[in-house]
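Peer 1: My file is upload_13.pdb. It has PDB, C-alpha atoms and all ligand atoms:
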```
ATOM      1  CA  MET A   1       0.000   0.000   0.000  1.00  0.00           C
ATOM      2  CA  VAL A   2       1.493   3.326  -1.097  1.00  0.00           C
ATOM      3  CA  ARG A   3       1.740   6.034   1.559  1.00  0.00           C
ATOM      4  CA  ILE A   4       0.845   9.471   0.282  1.00  0.00           C
ATOM      5  CA  HIS A   5       1.287  12.832   1.949  1.00  0.00           C
ATOM      6  CA  VAL A   6      -0.678  15.828   0.681  1.00  0.00           C
ATOM      7  CA  ARG A   7       0.728  19.281   1.330  1.00  0.00           C
ATOM      8  CA  GLU A   8       0.690  22.789  -0.086  1.00  0.00           C
ATOM      9  CA  ALA A   9       3.226  23.289  -2.852  1.00  0.00           C
ATOM     10  CA  VAL A  10       6.224  25.545  -2.232  1.00  0.00           C
ATOM     11  CA  GLU A  11       8.273  27.458  -4.794  1.00  0.00           C
ATOM     12  CA  ALA A  12      10.835  24.642  -5.005  1.00  0.00           C
ATOM     13  CA  ASP A  13       8.073  22.354  -6.347  1.00  0.00           C
ATOM     14  CA  ALA A  14       7.266  24.649  -9.289  1.00  0.00           C
ATOM     15  CA  GLU A  15       9.066  22.647 -11.989  1.00  0.00           C
ATOM     16  CA  LYS A  16       7.530  19.340 -10.956  1.00  0.00           C
ATOM     17  CA  VAL A  17       4.094  20.886 -10.604  1.00  0.00           C
ATOM     18  CA  ALA A  18       4.504  22.471 -14.052  1.00  0.00           C
ATOM     19  CA  ARG A  19       5.341  19.109 -15.629  1.00  0.00           C
ATOM     20  CA  LEU A  20       2.166  17.540 -14.238  1.00  0.00           C
ATOM     21  CA  ILE A  21       0.032  20.485 -15.317  1.00  0.00           C
ATOM     22  CA  ALA A  22       1.543  20.311 -18.825  1.00  0.00           C
ATOM     23  CA  ARG A  23       0.650  16.604 -18.968  1.00  0.00           C
ATOM     24  CA  LEU A  24      -2.931  17.439 -18.004  1.00  0.00           C
ATOM     25  CA  LYS A  25      -3.142  19.958 -20.844  1.00  0.00           C
ATOM     26  CA  LEU A  26      -1.839  17.278 -23.250  1.00  0.00           C
ATOM     27  CA  VAL A  27      -4.597  14.934 -22.037  1.00  0.00           C
ATOM     28  CA  ASN A  28      -7.081  17.727 -22.813  1.00  0.00           C
ATOM     29  CA  GLU A  29      -5.528  18.203 -26.250  1.00  0.00           C
ATOM     30  CA  GLU A  30      -6.126  14.547 -27.046  1.00  0.00           C
ATOM     31  CA  LEU A  31      -9.768  14.915 -26.088  1.00  0.00           C
ATOM     32  CA  ASP A  32     -10.639  17.900 -28.266  1.00  0.00           C
ATOM     33  CA  PRO A  33      -8.753  19.902 -30.937  1.00  0.00           C
ATOM     34  CA  HIS A  34     -10.031  23.099 -29.323  1.00  0.00           C
ATOM     35  CA  PHE A  35      -7.603  22.368 -26.508  1.00  0.00           C
ATOM     36  CA  LYS A  36      -4.635  22.406 -28.861  1.00  0.00           C
ATOM     37  CA  THR A  37      -1.678  23.318 -26.672  1.00  0.00           C
ATOM     38  CA  VAL A  38       0.756  26.146 -27.354  1.00  0.00           C
ATOM     39  CA  PRO A  39       4.203  25.241 -28.785  1.00  0.00           C
ATOM     40  CA  ASN A  40       5.981  26.467 -25.626  1.00  0.00           C
ATOM     41  CA  LEU A  41       3.686  24.527 -23.270  1.00  0.00           C
ATOM     42  CA  GLU A  42       6.410  23.685 -20.749  1.00  0.00           C
ATOM     43  CA  GLU A  43       7.538  27.279 -20.427  1.00  0.00           C
ATOM     44  CA  VAL A  44       3.961  28.520 -20.025  1.00  0.00           C
ATOM     45  CA  ALA A  45       3.210  25.759 -17.491  1.00  0.00           C
ATOM     46  CA  LEU A  46       6.227  26.763 -15.410  1.00  0.00           C
ATOM     47  CA  GLU A  47       5.209  30.408 -15.340  1.00  0.00           C
ATOM     48  CA  TYR A  48       1.632  29.370 -14.476  1.00  0.00           C
ATOM     49  CA  ALA A  49       2.820  27.019 -11.707  1.00  0.00           C
ATOM     50  CA  ARG A  50       5.095  29.653 -10.151  1.00  0.00           C
ATOM     51  CA  LYS A  51       2.301  32.202 -10.155  1.00  0.00           C
ATOM     52  CA  ALA A  52      -0.241  29.720  -8.781  1.00  0.00           C
ATOM     53  CA  ILE A  53       2.072  28.666  -5.924  1.00  0.00           C
ATOM     54  CA  THR A  54       2.828  32.214  -4.847  1.00  0.00           C
ATOM     55  CA  GLY A  55      -0.435  33.808  -6.013  1.00  0.00           C
ATOM     56  CA  GLY A  56      -3.140  35.380  -3.913  1.00  0.00           C
ATOM     57  CA  ASP A  57      -6.370  33.504  -4.662  1.00  0.00           C
ATOM     58  CA  THR A  58      -4.888  30.286  -5.998  1.00  0.00           C
ATOM     59  CA  ARG A  59      -3.909  27.209  -3.978  1.00  0.00           C
ATOM     60  CA  VAL A  60      -1.718  24.364  -5.152  1.00  0.00           C
ATOM     61  CA  LEU A  61      -1.750  21.011  -3.355  1.00  0.00           C
ATOM     62  CA  VAL A  62       0.694  18.226  -4.171  1.00  0.00           C
ATOM     63  CA  ALA A  63       0.597  14.527  -3.328  1.00  0.00           C
ATOM     64  CA  GLU A  64       3.968  13.127  -2.414  1.00  0.00           C
ATOM     65  CA  ASP A  65       4.974   9.461  -2.255  1.00  0.00           C
ATOM     66  CA  GLU A  66       6.275   9.251   1.331  1.00  0.00           C
ATOM     67  CA  GLU A  67       8.795   6.581   0.448  1.00  0.00           C
ATOM     68  CA  THR A  68      10.443   8.241  -2.542  1.00  0.00           C
ATOM     69  CA  GLY A  69       9.540  11.908  -2.084  1.00  0.00           C
ATOM     70  CA  GLU A  70       8.221  11.910  -5.661  1.00  0.00           C
ATOM     71  CA  ILE A  71       5.396  14.313  -6.444  1.00  0.00           C
ATOM     72  CA  VAL A  72       2.760  12.052  -7.965  1.00  0.00           C
ATOM     73  CA  GLY A  73      -0.262  14.321  -8.168  1.00  0.00           C
ATOM     74  CA  VAL A  74      -1.337  17.941  -8.170  1.00  0.00           C
ATOM     75  CA  LEU A  75      -4.558  19.855  -7.611  1.00  0.00           C
ATOM     76  CA  VAL A  76      -4.971  23.596  -8.215  1.00  0.00           C
ATOM     77  CA  TYR A  77      -7.995  25.608  -7.168  1.00  0.00           C
ATOM     78  CA  THR A  78      -8.859  29.280  -7.289  1.00  0.00           C
ATOM     79  CA  LEU A  79     -11.096  31.169  -4.905  1.00  0.00           C
ATOM     80  CA  VAL A  80     -13.750  33.098  -6.800  1.00  0.00           C
ATOM     81  CA  ASP A  81     -16.193  35.647  -5.410  1.00  0.00           C
ATOM     82  CA  ARG A  82     -19.587  34.899  -6.995  1.00  0.00           C
ATOM     83  CA  VAL A  83     -20.883  38.371  -6.203  1.00  0.00           C
ATOM     84  CA  PHE A  84     -24.516  37.587  -7.078  1.00  0.00           C
ATOM     85  CA  TYR A  85     -24.850  34.259  -5.289  1.00  0.00           C
ATOM     86  CA  GLU A  86     -24.621  32.680  -1.897  1.00  0.00           C
ATOM     87  CA  PRO A  87     -22.422  31.136  -0.743  1.00  0.00           C
ATOM     88  CA  ARG A  88     -20.361  33.894  -2.362  1.00  0.00           C
ATOM     89  CA  ILE A  89     -16.957  32.225  -2.329  1.00  0.00           C
ATOM     90  CA  LYS A  90     -16.431  29.200  -4.528  1.00  0.00           C
ATOM     91  CA  ALA A  91     -13.301  27.117  -4.813  1.00  0.00           C
ATOM     92  CA  LEU A  92     -12.895  26.269  -8.506  1.00  0.00           C
ATOM     93  CA  ILE A  93     -10.643  23.314  -9.335  1.00  0.00           C
ATOM     94  CA  THR A  94      -8.813  24.216 -12.540  1.00  0.00           C
ATOM     95  CA  ASP A  95      -6.074  21.569 -12.685  1.00  0.00           C
ATOM     96  CA  PHE A  96      -6.086  18.058 -11.268  1.00  0.00           C
ATOM     97  CA  TYR A  97      -3.684  15.343 -12.343  1.00  0.00           C
ATOM     98  CA  VAL A  98      -2.369  12.090 -10.880  1.00  0.00           C
ATOM     99  CA  LYS A  99       0.539  10.269 -12.547  1.00  0.00           C
ATOM    100  CA  ALA A 100      -0.762   7.299 -14.533  1.00  0.00           C
ATOM    101  CA  ARG A 101       0.932   4.598 -12.456  1.00  0.00           C
ATOM    102  CA  TYR A 102      -0.503   6.028  -9.232  1.00  0.00           C
ATOM    103  CA  ARG A 103      -4.098   6.183 -10.492  1.00  0.00           C
ATOM    104  CA  GLY A 104      -6.791   4.032  -8.952  1.00  0.00           C
ATOM    105  CA  ARG A 105      -4.908   4.032  -5.620  1.00  0.00           C
ATOM    106  CA  ARG A 106      -6.898   6.810  -3.949  1.00  0.00           C
ATOM    107  CA  VAL A 107      -4.333   9.563  -4.542  1.00  0.00           C
ATOM    108  CA  GLY A 108      -6.993  11.594  -6.356  1.00  0.00           C
ATOM    109  CA  SER A 109      -9.483  10.981  -3.554  1.00  0.00           C
ATOM    110  CA  LEU A 110      -6.987  12.179  -0.964  1.00  0.00           C
ATOM    111  CA  LEU A 111      -6.084  15.308  -2.941  1.00  0.00           C
ATOM    112  CA  LEU A 112      -9.760  16.160  -3.388  1.00  0.00           C
ATOM    113  CA  GLU A 113     -10.547  15.597   0.298  1.00  0.00           C
ATOM    114  CA  LYS A 114      -7.651  17.829   1.391  1.00  0.00           C
ATOM    115  CA  ALA A 115      -8.621  20.489  -1.141  1.00  0.00           C
ATOM    116  CA  ALA A 116     -12.193  20.464   0.173  1.00  0.00           C
ATOM    117  CA  GLU A 117     -10.967  20.853   3.772  1.00  0.00           C
ATOM    118  CA  LYS A 118      -8.598  23.654   2.845  1.00  0.00           C
ATOM    119  CA  ALA A 119     -11.144  25.458   0.682  1.00  0.00           C
ATOM    120  CA  LYS A 120     -13.504  25.536   3.673  1.00  0.00           C
ATOM    121  CA  THR A 121     -10.845  27.148   5.832  1.00  0.00           C
ATOM    122  CA  ASP A 122     -10.306  29.632   2.964  1.00  0.00           C
ATOM    123  CA  GLY A 123     -13.953  30.646   3.394  1.00  0.00           C
ATOM    124  CA  ALA A 124     -15.395  28.793   0.389  1.00  0.00           C
ATOM    125  CA  GLY A 125     -18.917  27.412   0.652  1.00  0.00           C
ATOM    126  CA  ILE A 126     -18.988  25.498  -2.632  1.00  0.00           C
ATOM    127  CA  LEU A 127     -16.436  23.428  -4.536  1.00  0.00           C
ATOM    128  CA  THR A 128     -16.637  23.324  -8.339  1.00  0.00           C
ATOM    129  CA  VAL A 129     -14.530  21.981 -11.191  1.00  0.00           C
ATOM    130  CA  VAL A 130     -14.161  22.475 -14.942  1.00  0.00           C
ATOM    131  CA  TYR A 131     -12.833  19.854 -17.332  1.00  0.00           C
ATOM    132  CA  PRO A 132     -13.261  18.997 -21.031  1.00  0.00           C
ATOM    133  CA  ALA A 133     -16.674  17.589 -21.923  1.00  0.00           C
ATOM    134  CA  GLY A 134     -15.018  14.472 -23.385  1.00  0.00           C
ATOM    135  CA  ASN A 135     -13.175  13.509 -20.199  1.00  0.00           C
ATOM    136  CA  ASN A 136     -15.185  10.475 -19.112  1.00  0.00           C
ATOM    137  CA  ILE A 137     -12.696   9.477 -16.402  1.00  0.00           C
ATOM    138  CA  ALA A 138     -13.091  12.862 -14.746  1.00  0.00           C
ATOM    139  CA  ALA A 139     -16.879  12.690 -15.198  1.00  0.00           C
ATOM    140  CA  GLY A 140     -17.014   9.295 -13.443  1.00  0.00           C
ATOM    141  CA  PHE A 141     -14.632  10.415 -10.726  1.00  0.00           C
ATOM    142  CA  TYR A 142     -16.622  13.562  -9.849  1.00  0.00           C
ATOM    143  CA  GLU A 143     -19.952  11.762 -10.059  1.00  0.00           C
ATOM    144  CA  ARG A 144     -18.690   9.279  -7.451  1.00  0.00           C
ATOM    145  CA  LYS A 145     -17.527  12.185  -5.337  1.00  0.00           C
ATOM    146  CA  GLY A 146     -21.015  13.698  -5.234  1.00  0.00           C
ATOM    147  CA  PHE A 147     -20.539  16.520  -7.776  1.00  0.00           C
ATOM    148  CA  ARG A 148     -23.555  17.587  -9.862  1.00  0.00           C
ATOM    149  CA  ASP A 149     -23.863  19.733 -13.009  1.00  0.00           C
ATOM    150  CA  LEU A 150     -24.015  23.433 -12.211  1.00  0.00           C
ATOM    151  CA  GLN A 151     -23.521  25.252 -15.518  1.00  0.00           C
ATOM    152  CA  VAL A 152     -22.607  24.508 -19.119  1.00  0.00           C
ATOM    153  CA  GLU A 153     -19.997  26.107 -21.387  1.00  0.00           C
ATOM    154  CA  LYS A 154     -20.788  26.005 -25.117  1.00  0.00           C
ATOM    155  CA  TYR A 155     -18.498  27.042 -27.932  1.00  0.00           C
ATOM    156  CA  ARG A 156     -18.623  27.934 -31.606  1.00  0.00           C
ATOM    157  CA  PRO A 157     -15.352  28.459 -33.462  1.00  0.00           C
ATOM    158  CA  LEU A 158     -14.951  31.880 -35.068  1.00  0.00           C
ATOM    159  CA  ASP A 159     -13.435  31.776 -38.552  1.00  0.00           C
TER     160      ASP A 159
HETATM  161  C1  LIG B   1      -9.175  11.918 -12.353  1.00  0.00           C
HETATM  162  C2  LIG B   1      -7.940  11.483 -11.547  1.00  0.00           C
HETATM  163  C3  LIG B   1      -7.295  12.703 -10.923  1.00  0.00           C
HETATM  164  C4  LIG B   1      -8.410  10.508 -10.444  1.00  0.00           C
HETATM  165  O1  LIG B   1      -7.291  10.148  -9.647  1.00  0.00           O
HETATM  166  P1  LIG B   1      -7.106   8.685  -9.010  1.00  0.00           P
HETATM  167  O2  LIG B   1      -5.967   8.767  -8.074  1.00  0.00           O
HETATM  168  O3  LIG B   1      -7.030   7.669 -10.098  1.00  0.00           O
HETATM  169  O4  LIG B   1      -8.498   8.512  -8.245  1.00  0.00           O
HETATM  170  P2  LIG B   1      -8.833   7.488  -7.040  1.00  0.00           P
HETATM  171  O5  LIG B   1      -7.933   6.297  -7.108  1.00  0.00           O
HETATM  172  O6  LIG B   1      -8.871   8.238  -5.784  1.00  0.00           O
HETATM  173  O7  LIG B   1     -10.297   7.024  -7.481  1.00  0.00           O
HETATM  174  C5  LIG B   1     -11.432   7.653  -6.942  1.00  0.00           C
HETATM  175  C6  LIG B   1     -12.695   7.037  -7.507  1.00  0.00           C
HETATM  176  O8  LIG B   1     -12.766   7.215  -8.921  1.00  0.00           O
HETATM  177  C7  LIG B   1     -12.835   5.937  -9.576  1.00  0.00           C
HETATM  178  N1  LIG B   1     -12.009   5.965 -10.785  1.00  0.00           N
HETATM  179  C8  LIG B   1     -10.767   6.445 -10.884  1.00  0.00           C
HETATM  180  N2  LIG B   1     -10.336   6.281 -12.160  1.00  0.00           N
HETATM  181  C9  LIG B   1     -11.333   5.673 -12.830  1.00  0.00           C
HETATM  182  C10 LIG B   1     -11.480   5.224 -14.161  1.00  0.00           C
HETATM  183  N3  LIG B   1     -10.498   5.325 -15.051  1.00  0.00           N
HETATM  184  N4  LIG B   1     -12.652   4.643 -14.523  1.00  0.00           N
HETATM  185  C11 LIG B   1     -13.649   4.492 -13.629  1.00  0.00           C
HETATM  186  N5  LIG B   1     -13.561   4.907 -12.334  1.00  0.00           N
HETATM  187  C12 LIG B   1     -12.431   5.468 -11.955  1.00  0.00           C
HETATM  188  C13 LIG B   1     -12.286   4.948  -8.571  1.00  0.00           C
HETATM  189  O9  LIG B   1     -12.797   3.661  -8.778  1.00  0.00           O
HETATM  190  C14 LIG B   1     -12.721   5.528  -7.251  1.00  0.00           C
HETATM  191  O10 LIG B   1     -14.073   5.206  -6.988  1.00  0.00           O
HETATM  192  P3  LIG B   1     -14.564   4.965  -5.462  1.00  0.00           P
HETATM  193  O11 LIG B   1     -14.239   6.245  -4.691  1.00  0.00           O
HETATM  194  O12 LIG B   1     -16.015   4.703  -5.603  1.00  0.00           O
HETATM  195  O13 LIG B   1     -13.760   3.794  -4.988  1.00  0.00           O
HETATM  196  C15 LIG B   1      -6.927  10.704 -12.444  1.00  0.00           C
HETATM  197  O14 LIG B   1      -7.593   9.667 -13.124  1.00  0.00           O
HETATM  198  C16 LIG B   1      -6.218  11.566 -13.478  1.00  0.00           C
HETATM  199  O15 LIG B   1      -5.215  12.221 -13.192  1.00  0.00           O
HETATM  200  N6  LIG B   1      -6.716  11.563 -14.729  1.00  0.00           N
HETATM  201  C17 LIG B   1      -6.077  12.284 -15.827  1.00  0.00           C
HETATM  202  C18 LIG B   1      -6.272  13.770 -15.714  1.00  0.00           C
HETATM  203  C19 LIG B   1      -7.709  14.150 -15.472  1.00  0.00           C
HETATM  204  O16 LIG B   1      -8.621  13.615 -16.106  1.00  0.00           O
HETATM  205  N7  LIG B   1      -7.926  15.070 -14.539  1.00  0.00           N
HETATM  206  C20 LIG B   1      -9.252  15.533 -14.154  1.00  0.00           C
HETATM  207  C21 LIG B   1      -9.569  16.810 -14.861  1.00  0.00           C
HETATM  208  S1  LIG B   1     -10.101  18.034 -13.720  1.00  0.00           S
END
```
What would you get if you wrote out this structure as structure tokens?

Peer 2:
Amino acid sequence: MVRIHVREAVEADAEKVARLIARLKLVNEELDPHFKTVPNLEEVALEYARKAITGGDTRVLVAEDEETGEIVGVLVYTLVDRVFYEPRIKALITDFYVKARYRGRRVGSLLLEKAAEKAKTDGAGILTVVYPAGNNIAAGFYERKGFRDLQVEKYRPLD
């Protein structure tokens, strides 16, 4: 049984966090051409990760294999003030990725549980997530975790 420790990311984790986030974006790219990634994905992911780790309304949690110290999963959420609605503060999960060989071993469950706990202490009253419509694994995962549809994002390409 793998022992996993979930903690907040620190600046020294930025490169590893960036690599996992880049992989997530490549998963999205495979699901839909409208998620075609930029040519300098790694560079952009590193800048994004650094900002998210140090940034004001964004939280980055990492799952670490206690035995090896390897970062095997990441979850990023942002606190958003829904000015018109109550509860006003939502925690929006924008990035969530577990390394393939660690999947199905409850790493994702642990990251989500810790994120929910932390979001509450951040003042959030609702936890939401966005992911590509074609991501059936994510759909099944969130369904099991008690998430329901809240809103829909449609698109039409502009030529
Ligand atoms: C979604 C993801 C983070 C889940 O992480 P994980 O560590 O595999 O999840 P867990 O092992 O904690 O599984 C939690 C539940 O989801 C189910 N589940 C996980 N992967 C599944 C799959 N491929 N098919 C069906 N069910 C699955 C598990 O059976 C478990 O159900 P239970 O709680 O009823 O026992 C992981 O699959 C992943 O990184 N996927 C690629 C990136 C992605 O899709 N991210 C989500 C976008 S926001």

Peer 1: For region 118-122 of chain A, list every protein, DNA or RNA residue within 9 Å, evaluated using all atoms listed in the file, and leave out those in the same chain fewer than 4 positions away; present the list as number ranges by chain.

Peer 2: A: 59, 77, 79, 89-91, 113-114, 126-127

Peer 1: Those selected residues, please, written with C-alpha atoms and delivered as a PDB file, in the coordinates of the input.

Peer 2:
```
ATOM      1  CA  ARG A  59      -3.909  27.209  -3.978  1.00  0.00           C
ATOM      2  CA  TYR A  77      -7.995  25.608  -7.168  1.00  0.00           C
ATOM      3  CA  LEU A  79     -11.096  31.169  -4.905  1.00  0.00           C
ATOM      4  CA  ILE A  89     -16.957  32.225  -2.329  1.00  0.00           C
ATOM      5  CA  LYS A  90     -16.431  29.200  -4.528  1.00  0.00           C
ATOM      6  CA  ALA A  91     -13.301  27.117  -4.813  1.00  0.00           C
ATOM      7  CA  GLU A 113     -10.547  15.597   0.298  1.00  0.00           C
ATOM      8  CA  LYS A 114      -7.651  17.829   1.391  1.00  0.00           C
ATOM      9  CA  ILE A 126     -18.988  25.498  -2.632  1.00  0.00           C
ATOM     10  CA  LEU A 127     -16.436  23.428  -4.536  1.00  0.00           C
TER      11      LEU A 127
END
```

Peer 1: Residues contacting ligand LIG 1 (chain B) - anything with an atom at most 7 Å away, using all atoms listed in the file - can you give me those as a list in words?

Peer 2: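 The distance check yields Leu24, Val27, Ile93, Thr94, Asp95, Phe96, Tyr97, Val98, Lys99, Ala100, Tyr102, Arg103, Gly104, Arg105, Arg106, Val107, Gly108, Ser109, Leu110, Val129, Val130, Tyr131, Asn135, Ile137, Ala138, Gly140, Phe141, Arg144 and Lys145 of chain A.
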
Peer 1: Could you give me, as a PDB file with C-alpha atoms, in the frame of the given file, the residues within 10 Å of Leu20 (chain A), counting all atoms listed in the file and dropping anything in the same chain fewer than 2 positions from it?

Peer 2:
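Output (selection07.pdb):
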```pdb
ATOM      1  CA  GLU A  15       9.066  22.647 -11.989  1.00  0.00           C
ATOM      2  CA  LYS A  16       7.530  19.340 -10.956  1.00  0.00           C
ATOM      3  CA  VAL A  17       4.094  20.886 -10.604  1.00  0.00           C
ATOM      4  CA  ALA A  18       4.504  22.471 -14.052  1.00  0.00           C
ATOM      5  CA  ALA A  22       1.543  20.311 -18.825  1.00  0.00           C
ATOM      6  CA  ARG A  23       0.650  16.604 -18.968  1.00  0.00           C
ATOM      7  CA  LEU A  24      -2.931  17.439 -18.004  1.00  0.00           C
ATOM      8  CA  LYS A  25      -3.142  19.958 -20.844  1.00  0.00           C
ATOM      9  CA  LEU A  26      -1.839  17.278 -23.250  1.00  0.00           C
ATOM     10  CA  GLU A  42       6.410  23.685 -20.749  1.00  0.00           C
ATOM     11  CA  ALA A  45       3.210  25.759 -17.491  1.00  0.00           C
ATOM     12  CA  ALA A  49       2.820  27.019 -11.707  1.00  0.00           C
ATOM     13  CA  ILE A  71       5.396  14.313  -6.444  1.00  0.00           C
ATOM     14  CA  VAL A  72       2.760  12.052  -7.965  1.00  0.00           C
ATOM     15  CA  GLY A  73      -0.262  14.321  -8.168  1.00  0.00           C
ATOM     16  CA  VAL A  74      -1.337  17.941  -8.170  1.00  0.00           C
ATOM     17  CA  LEU A  75      -4.558  19.855  -7.611  1.00  0.00           C
ATOM     18  CA  ASP A  95      -6.074  21.569 -12.685  1.00  0.00           C
ATOM     19  CA  PHE A  96      -6.086  18.058 -11.268  1.00  0.00           C
ATOM     20  CA  TYR A  97      -3.684  15.343 -12.343  1.00  0.00           C
ATOM     21  CA  VAL A  98      -2.369  12.090 -10.880  1.00  0.00           C
ATOM     22  CA  LYS A  99       0.539  10.269 -12.547  1.00  0.00           C
TER      23      LYS A  99
END
```

Peer 1: Report the distance between CA of Asp32 (chain A) and CA of Arg82 (chain A) in Å, rounded to one decimal place.

Peer 2: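 Interatomic distance here is 28.7 Å.
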
Peer 1: Given the PyMOL selection byres (((chain A and resi 56) around 12) and not hetatm) and the file above, list the residues it selects as an MDAnalysis selection string.

Peer 2: chainID A and resid 50:55 57:60 77:80 122

Peer 1: Would you please work out which residue, of A:Lys154, A:Leu41, A:Glu11, A:Arg3, is nearest to Glu70 (chain A) when using all atoms listed in the file?

Peer 2: A:Arg3

Peer 1: Rounded to one decimal place, report the CA of Ala116 (chain A)-CA of Glu66 (chain A) distance in Å.

Peer 2: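 Computing the Euclidean distance for CA of Ala116 (chain A) and CA of Glu66 (chain A) yields 21.6 Å.
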